[in-house]
Amino acid sequence: MSLPTSPLGRDGPEVTRIGFGLMGLSSYYGVPLAHERGLDLLDQAYALGERFWDTADVYGDNEDLLGKWFKANQDKRNGVFLATKLGVRAKPDGTIGADSSYEYCLAACERSLKRLGLSTMPVEETIRAMVQLKEQGKIRYLGLSDCSAESLRRAHKIHPISAVQVEYTPFSLDVESLQIRLLETCRELGVALVAGFRTMLPRFTKENLPKTLKLVDKITALAKDKNVTTSQLSLAWLLAQGPDVFPIPGTTKMERLKESLGALSVQMFVVDDARFRRAVNDADIQGDRYPEAFSSTLFVDTPPLNS
């Protein structure tokens, strides 16, 4: 089975229009799946034609799980476009922080390669280190995550950036804002936007959830008018924002993955987009995208090179 594809950035590879976020298989959303179930889910995802997989070195043992799958399916490796991320690490005091230093990026990439059992993988962060790894044949494409527009420009001057992963959902349109201008900058530079989303965030806490659910109810009503599910309409709306936007919904259930891929068949007309946008703009979403420890790192300019 094959799914619709589009270039990931101006000069990037062809990838499926909806990717598969793998975080929930191994971390953060309740009890992680046993490896047997995770491997089976990956088998089924591949059979569905889902070939754009997204992971990170902080998603529990997710890279180890993928390494097992690739080892057992060596003939399918070249058919999967795999994105992984680095740059978040535990500090000696037990807190979590960002580390995009040259040395750490090199070491983290090597560790990910070993866990995945691969010789190539796309990664993000410190471009100087990434260029060296590309020259060694260890990576193919460079991407960033939750960066500022200015950091993207600086990185792109050193080496073309294929994609930026960031939250872009009905609950968060920050990338469109005149202050952040990340979507605008991506399009100016020919960089794809990979739209991620997480539900264990401050806006889904007990005190903020009621206002979040009001928007969900409005989207659900719009979805019923088109005879699709709430998530399908949300994904279809994202896809309609442009061929350079690639949602990567995650799940641990095959029926949910099939539901997500069903969004590829949903037609979004101008009136549908307008009604959806109006519901989003009228919403009063409360709570940040990330816990306080991470919020300070979002859309922040990295220090100048000579600092």
# chains A, B, ... in the order shown; residues from 1 in each chain; ligands from 1
>>> residues_around(residues="Ser26 of chain A", least_positions_apart="4", cutoff="10 Å", atoms="only C-alpha atoms", output="PDB file with N, CA and C atoms, in the first residue's frame")
ATOM      1  N   LEU A  22       6.456   8.142  17.394  1.00  0.00           N
ATOM      2  CA  LEU A  22       6.636   6.878  18.113  1.00  0.00           C
ATOM      3  C   LEU A  22       6.834   7.033  19.620  1.00  0.00           C
ATOM      4  N   GLY A  30       1.574   6.660  29.976  1.00  0.00           N
ATOM      5  CA  GLY A  30       1.226   5.440  30.691  1.00  0.00           C
ATOM      6  C   GLY A  30       2.302   4.375  30.571  1.00  0.00           C
ATOM      7  N   VAL A  31       1.890   3.113  30.710  1.00  0.00           N
ATOM      8  CA  VAL A  31       2.830   1.990  30.668  1.00  0.00           C
ATOM      9  C   VAL A  31       3.304   1.778  29.231  1.00  0.00           C
ATOM     10  N   PRO A  32       4.624   1.748  29.008  1.00  0.00           N
ATOM     11  CA  PRO A  32       5.132   1.523  27.645  1.00  0.00           C
ATOM     12  C   PRO A  32       4.683   0.171  27.106  1.00  0.00           C
ATOM     13  N   LEU A  33       4.571   0.074  25.801  1.00  0.00           N
ATOM     14  CA  LEU A  33       4.228  -1.201  25.183  1.00  0.00           C
ATOM     15  C   LEU A  33       5.372  -2.191  25.343  1.00  0.00           C
ATOM     16  N   ALA A  34       5.032  -3.455  25.544  1.00  0.00           N
ATOM     17  CA  ALA A  34       6.053  -4.501  25.494  1.00  0.00           C
ATOM     18  C   ALA A  34       6.645  -4.495  24.090  1.00  0.00           C
ATOM     19  N   HIS A  35       7.922  -4.863  23.992  1.00  0.00           N
ATOM     20  CA  HIS A  35       8.576  -4.806  22.687  1.00  0.00           C
ATOM     21  C   HIS A  35       7.848  -5.635  21.637  1.00  0.00           C
ATOM     22  N   GLY A  38       5.081  -3.529  20.386  1.00  0.00           N
ATOM     23  CA  GLY A  38       5.626  -2.409  19.636  1.00  0.00           C
ATOM     24  C   GLY A  38       6.116  -2.827  18.264  1.00  0.00           C
ATOM     25  N   THR A  55      11.239   9.668  16.157  1.00  0.00           N
ATOM     26  CA  THR A  55      11.608   9.237  17.496  1.00  0.00           C
ATOM     27  C   THR A  55      12.547  10.266  18.115  1.00  0.00           C
ATOM     28  N   VAL A  58      15.371  10.587  23.922  1.00  0.00           N
ATOM     29  CA  VAL A  58      14.791  10.684  25.267  1.00  0.00           C
ATOM     30  C   VAL A  58      13.444   9.983  25.365  1.00  0.00           C
ATOM     31  N   TYR A  59      13.055   9.242  24.349  1.00  0.00           N
ATOM     32  CA  TYR A  59      11.785   8.519  24.370  1.00  0.00           C
ATOM     33  C   TYR A  59      11.985   7.114  24.941  1.00  0.00           C
ATOM     34  N   GLY A  60      12.460   7.027  26.168  1.00  0.00           N
ATOM     35  CA  GLY A  60      12.664   5.718  26.784  1.00  0.00           C
ATOM     36  C   GLY A  60      13.589   4.857  25.943  1.00  0.00           C
ATOM     37  N   ASP A  61      13.183   3.601  25.715  1.00  0.00           N
ATOM     38  CA  ASP A  61      14.017   2.701  24.905  1.00  0.00           C
ATOM     39  C   ASP A  61      13.497   2.610  23.466  1.00  0.00           C
ATOM     40  N   ASN A  62      12.900   3.706  22.995  1.00  0.00           N
ATOM     41  CA  ASN A  62      12.296   3.702  21.663  1.00  0.00           C
ATOM     42  C   ASN A  62      13.308   3.415  20.559  1.00  0.00           C
ATOM     43  N   GLU A  63      14.500   3.974  20.677  1.00  0.00           N
ATOM     44  CA  GLU A  63      15.518   3.712  19.661  1.00  0.00           C
ATOM     45  C   GLU A  63      15.960   2.251  19.689  1.00  0.00           C
ATOM     46  N   ASP A  64      15.997   1.653  20.880  1.00  0.00           N
ATOM     47  CA  ASP A  64      16.326   0.223  20.968  1.00  0.00           C
ATOM     48  C   ASP A  64      15.251  -0.616  20.277  1.00  0.00           C
ATOM     49  N   LEU A  65      13.988  -0.235  20.499  1.00  0.00           N
ATOM     50  CA  LEU A  65      12.878  -0.935  19.851  1.00  0.00           C
ATOM     51  C   LEU A  65      13.008  -0.848  18.332  1.00  0.00           C
ATOM     52  N   THR A 252      -0.461   4.076  20.130  1.00  0.00           N
ATOM     53  CA  THR A 252      -0.029   2.699  20.406  1.00  0.00           C
ATOM     54  C   THR A 252      -1.053   1.701  19.882  1.00  0.00           C
TER      55      THR A 252
END
>>> residues_around(residues="segment 259-273 of chain A", least_positions_apart="2", cutoff="7 Å", atoms="only C-alpha atoms", output="PyMOL selection string")
chain A and resi 18+231-233+235-237+240+255-257+275-277
>>> atom_distance(atom1="atom CA of Arg187 of chain A", atom2="atom CA of Tyr168 of chain A")
14.6 Å
>>> residues_around(residues="Phe299 of chain A", least_positions_apart="4", cutoff="8 Å", atoms="only C-alpha atoms", output="list in words")
Asp146, Cys147, Ser148, Ala149 and Ile180 of chain A
>>> atom_distance(atom1="atom CA of Gly87 of chain A", atom2="atom CA of Ile158 of chain A")
18.8 Å
>>> select_by_dssp(residues="segment 22-54 of chain A", states="helix (DSSP H, G or I)", output="PyMOL selection string")
chain A and resi 23-26+35-48
>>> atom_distance(atom1="atom CA of Ala98 of chain A", atom2="atom CA of Asp54 of chain A")
19.3 Å
>>> closest_residue(among="A:Asn227, A:Leu42, A:Glu50, A:Asp301", to="Ala155 of chain A", atoms="only C-alpha atoms")
A:Asp301
>>> closest_residue(among="A:Lys68, A:Lys134, A:Lys253, A:Arg153", to="Glu36 of chain A", atoms="only C-alpha atoms")
A:Lys68
>>> closest_residue(among="A:Thr95, A:Gln179, A:Ser101, A:Ser27", to="Thr251 of chain A", atoms="only C-alpha atoms")
A:Ser27
>>> closest_residue(among="A:Ala56, A:Ile161, A:Leu173, A:Leu238", to="Met130 of chain A", atoms="only C-alpha atoms")
A:Ile161
